[in-house]
Protein chains: 2
Amino acid sequence: MKGLQVRSKLWLEVDGEPLLGNGRDQLLRLVHDHGSINAAARDMGLTYRKAWSLLKAMEDKLGRALVLRSKGGAGGGESQLTPEALDLLAKYDQLRRGVQELVDAKFAELF
Amino acid sequence: MKGLQVRSKLWLEVDGEPLLGNGRDQLLRLVHDHGSINAAARDMGLTYRKAWSLLKAMEDKLGRALVLRSKGGAGGGESQLTPEALDLLAKYDQLRRGVQELVDAKFAELF
């Protein structure tokens, strides 16, 4: 069929509750890039409070720290992702890419 | 990680607009089961008008008839899926199942 395409979305849950999807993945990556929750939140059009609560919710669900916050001076502290967070992002990325390839292949086979 | 699960969603688009996802798939299947758009709409908590407009939108996007409506007597007409609709549903089902298996396998491999 002309113009037909397949789209897919993939996310992780813990005990049936969302843990990591595209939005939170982007938030963590921006924290990593900027070294700052505040700058990451701004990039995503979120308040600092909202970004912080998303990160906190993920940490609570996983029972692990994802972001290390060091109190800073005038400019505010630096934030860094923990090795666990980097590992989670790397795996999620591999999962997403792998699945996208498989979806495309399966679609090409059927349609 | 304990309790970690992967979830995925898959849908078809035509020229970047949604054609078929879980909801419309269910609607078409119910029309098929009941032989009636009205009964299908009722099962899904939709008005007849809404169900009809969803079906119409799909037909317009595909440029093909999906439901054949035959005018009936007092009880209203029967509705039947066209062979094209049945083919589309069968392929979408295969795609969905296939992808679910692949997602599960990929997840098990990574996490």
# chains A, B, ... in the order shown; residues from 1 in each chain; ligands from 1
>>> residues_around(residues="stretch 61-67 of chain A", least_positions_apart="5", cutoff="8 Å", atoms="only C-alpha atoms", output="list of chain:residue names")
A:Val14, A:Leu19, A:Leu55, A:Ser79, A:Gln80, A:Leu81, A:Thr82, A:Pro83, A:Glu84, A:Ala85, B:Met1
>>> select_by_dssp(residues="chain B", states="strand (DSSP E or B)", output="PyMOL selection string")
chain B and resi 4-14+17-20+67-70+78-81
>>> closest_atom_pairs(of="chain A", to="chain B", cutoff="6 Å", atoms="only C-alpha atoms", output="CSV")
residue,atom,partner,partner_atom,distance
A:Gly3,CA,B:Val14,CA,5.1
A:Leu4,CA,B:Val14,CA,4.5
A:Gln5,CA,B:Glu13,CA,5.1
A:Val6,CA,B:Leu12,CA,4.6
A:Arg7,CA,B:Trp11,CA,5.4
A:Ser8,CA,B:Leu10,CA,4.3
A:Lys9,CA,B:Lys9,CA,5.1
A:Leu10,CA,B:Ser8,CA,4.3
A:Trp11,CA,B:Arg7,CA,5.4
A:Leu12,CA,B:Val6,CA,4.6
A:Glu13,CA,B:Gln5,CA,5.1
A:Val14,CA,B:Leu4,CA,4.5
A:Asp15,CA,B:Gly3,CA,5.2
>>> write_last_selection(atoms="N, CA and C atoms", output="PDB file, in the first residue's frame")
ATOM      1  N   GLY A   3       2.646   4.636   0.575  1.00  0.00           N
ATOM      2  CA  GLY A   3       2.827   5.543   1.704  1.00  0.00           C
ATOM      3  C   GLY A   3       2.667   4.891   3.072  1.00  0.00           C
ATOM      4  N   LEU A   4       2.469   3.576   3.092  1.00  0.00           N
ATOM      5  CA  LEU A   4       2.271   2.873   4.372  1.00  0.00           C
ATOM      6  C   LEU A   4       3.598   2.728   5.119  1.00  0.00           C
ATOM      7  N   GLN A   5       3.543   3.053   6.404  1.00  0.00           N
ATOM      8  CA  GLN A   5       4.747   2.961   7.227  1.00  0.00           C
ATOM      9  C   GLN A   5       4.409   2.342   8.572  1.00  0.00           C
ATOM     10  N   VAL A   6       5.404   1.803   9.212  1.00  0.00           N
ATOM     11  CA  VAL A   6       5.193   1.281  10.560  1.00  0.00           C
ATOM     12  C   VAL A   6       5.888   2.199  11.558  1.00  0.00           C
ATOM     13  N   ARG A   7       5.244   2.418  12.678  1.00  0.00           N
ATOM     14  CA  ARG A   7       5.843   3.210  13.752  1.00  0.00           C
ATOM     15  C   ARG A   7       5.789   2.385  15.033  1.00  0.00           C
ATOM     16  N   SER A   8       6.768   2.594  15.869  1.00  0.00           N
ATOM     17  CA  SER A   8       6.738   1.864  17.133  1.00  0.00           C
ATOM     18  C   SER A   8       7.293   2.709  18.265  1.00  0.00           C
ATOM     19  N   LYS A   9       6.914   2.333  19.438  1.00  0.00           N
ATOM     20  CA  LYS A   9       7.324   3.039  20.642  1.00  0.00           C
ATOM     21  C   LYS A   9       7.679   1.975  21.654  1.00  0.00           C
ATOM     22  N   LEU A  10       8.669   2.253  22.433  1.00  0.00           N
ATOM     23  CA  LEU A  10       9.171   1.235  23.342  1.00  0.00           C
ATOM     24  C   LEU A  10       9.560   1.881  24.666  1.00  0.00           C
ATOM     25  N   TRP A  11       9.171   1.286  25.755  1.00  0.00           N
ATOM     26  CA  TRP A  11       9.554   1.858  27.039  1.00  0.00           C
ATOM     27  C   TRP A  11       9.745   0.758  28.081  1.00  0.00           C
ATOM     28  N   LEU A  12      10.406   1.130  29.154  1.00  0.00           N
ATOM     29  CA  LEU A  12      10.651   0.181  30.244  1.00  0.00           C
ATOM     30  C   LEU A  12       9.726   0.498  31.405  1.00  0.00           C
ATOM     31  N   GLU A  13       9.291  -0.542  32.077  1.00  0.00           N
ATOM     32  CA  GLU A  13       8.459  -0.369  33.262  1.00  0.00           C
ATOM     33  C   GLU A  13       9.064  -1.153  34.421  1.00  0.00           C
ATOM     34  N   VAL A  14       8.762  -0.709  35.613  1.00  0.00           N
ATOM     35  CA  VAL A  14       9.091  -1.490  36.810  1.00  0.00           C
ATOM     36  C   VAL A  14       7.776  -1.748  37.531  1.00  0.00           C
ATOM     37  N   ASP A  15       7.477  -3.017  37.714  1.00  0.00           N
ATOM     38  CA  ASP A  15       6.224  -3.403  38.372  1.00  0.00           C
ATOM     39  C   ASP A  15       5.005  -2.707  37.754  1.00  0.00           C
TER      40      ASP A  15
END
>>> atom_distance(atom1="atom CA of A:Ala41", atom2="atom CA of A:Leu86")
18.5 Å
>>> residues_around(residues="stretch 43-47 of chain A", least_positions_apart="5", cutoff="10 Å", atoms="only C-alpha atoms", output="list in words")
Gly23, Gln26, Leu27, Leu30, Val31, His34, Ile37, Asn38, Trp52 and Ser53 of chain A
>>> write_last_selection(atoms="N, CA, C and O atoms", output="PDB file, in the first residue's frame")
ATOM      1  N   GLY A  23      10.963  10.417  26.587  1.00  0.00           N
ATOM      2  CA  GLY A  23      11.077  11.683  27.303  1.00  0.00           C
ATOM      3  C   GLY A  23      12.106  11.645  28.426  1.00  0.00           C
ATOM      4  O   GLY A  23      12.964  12.518  28.534  1.00  0.00           O
ATOM      5  N   GLN A  26      15.591  11.339  27.134  1.00  0.00           N
ATOM      6  CA  GLN A  26      16.112  12.637  26.682  1.00  0.00           C
ATOM      7  C   GLN A  26      16.547  13.492  27.871  1.00  0.00           C
ATOM      8  O   GLN A  26      17.599  14.140  27.829  1.00  0.00           O
ATOM      9  N   LEU A  27      15.753  13.467  28.926  1.00  0.00           N
ATOM     10  CA  LEU A  27      16.091  14.248  30.120  1.00  0.00           C
ATOM     11  C   LEU A  27      17.444  13.807  30.700  1.00  0.00           C
ATOM     12  O   LEU A  27      18.315  14.631  30.984  1.00  0.00           O
ATOM     13  N   LEU A  30      20.288  14.911  28.518  1.00  0.00           N
ATOM     14  CA  LEU A  30      20.555  16.352  28.610  1.00  0.00           C
ATOM     15  C   LEU A  30      21.264  16.698  29.922  1.00  0.00           C
ATOM     16  O   LEU A  30      22.123  17.571  29.955  1.00  0.00           O
ATOM     17  N   VAL A  31      20.882  16.011  31.001  1.00  0.00           N
ATOM     18  CA  VAL A  31      21.588  16.217  32.278  1.00  0.00           C
ATOM     19  C   VAL A  31      23.059  15.870  32.081  1.00  0.00           C
ATOM     20  O   VAL A  31      23.961  16.592  32.508  1.00  0.00           O
ATOM     21  N   HIS A  34      24.775  18.597  29.775  1.00  0.00           N
ATOM     22  CA  HIS A  34      24.931  19.923  30.388  1.00  0.00           C
ATOM     23  C   HIS A  34      25.616  19.861  31.751  1.00  0.00           C
ATOM     24  O   HIS A  34      26.046  20.891  32.260  1.00  0.00           O
ATOM     25  N   ILE A  37      20.895  19.720  35.955  1.00  0.00           N
ATOM     26  CA  ILE A  37      19.464  19.407  35.856  1.00  0.00           C
ATOM     27  C   ILE A  37      18.705  20.640  35.370  1.00  0.00           C
ATOM     28  O   ILE A  37      17.784  20.556  34.562  1.00  0.00           O
ATOM     29  N   ASN A  38      19.134  21.784  35.858  1.00  0.00           N
ATOM     30  CA  ASN A  38      18.473  23.032  35.510  1.00  0.00           C
ATOM     31  C   ASN A  38      18.525  23.301  33.997  1.00  0.00           C
ATOM     32  O   ASN A  38      17.506  23.605  33.362  1.00  0.00           O
ATOM     33  N   TRP A  52      13.258  17.443  38.293  1.00  0.00           N
ATOM     34  CA  TRP A  52      13.778  16.814  39.499  1.00  0.00           C
ATOM     35  C   TRP A  52      12.851  15.679  39.935  1.00  0.00           C
ATOM     36  O   TRP A  52      13.311  14.594  40.305  1.00  0.00           O
ATOM     37  N   SER A  53      11.544  15.912  39.865  1.00  0.00           N
ATOM     38  CA  SER A  53      10.613  14.887  40.346  1.00  0.00           C
ATOM     39  C   SER A  53      10.578  13.681  39.397  1.00  0.00           C
ATOM     40  O   SER A  53      10.372  12.542  39.833  1.00  0.00           O
TER      41      SER A  53
END
>>> closest_residue(among="A:Arg49, A:Gly35, A:Met58, A:Glu101", to="A:Ser70", atoms="only C-alpha atoms")
A:Gly35
>>> atom_distance(atom1="atom CA of B:Asp87", atom2="atom CA of B:Glu59")
13.9 Å
>>> closest_residue(among="A:Asp93, A:Tyr48, A:Ala39, A:Ala57", to="A:Glu78", atoms="only C-alpha atoms")
A:Ala39
>>> atom_distance(atom1="atom CA of B:Asn22", atom2="atom CA of B:Gly77")
25.9 Å
>>> select_by_dssp(residues="stretch 5-109 of chain B", states="alpha helix (DSSP H)", output="VMD selection string")
chain B and resid 22 to 34 37 to 44 48 to 62 83 to 109
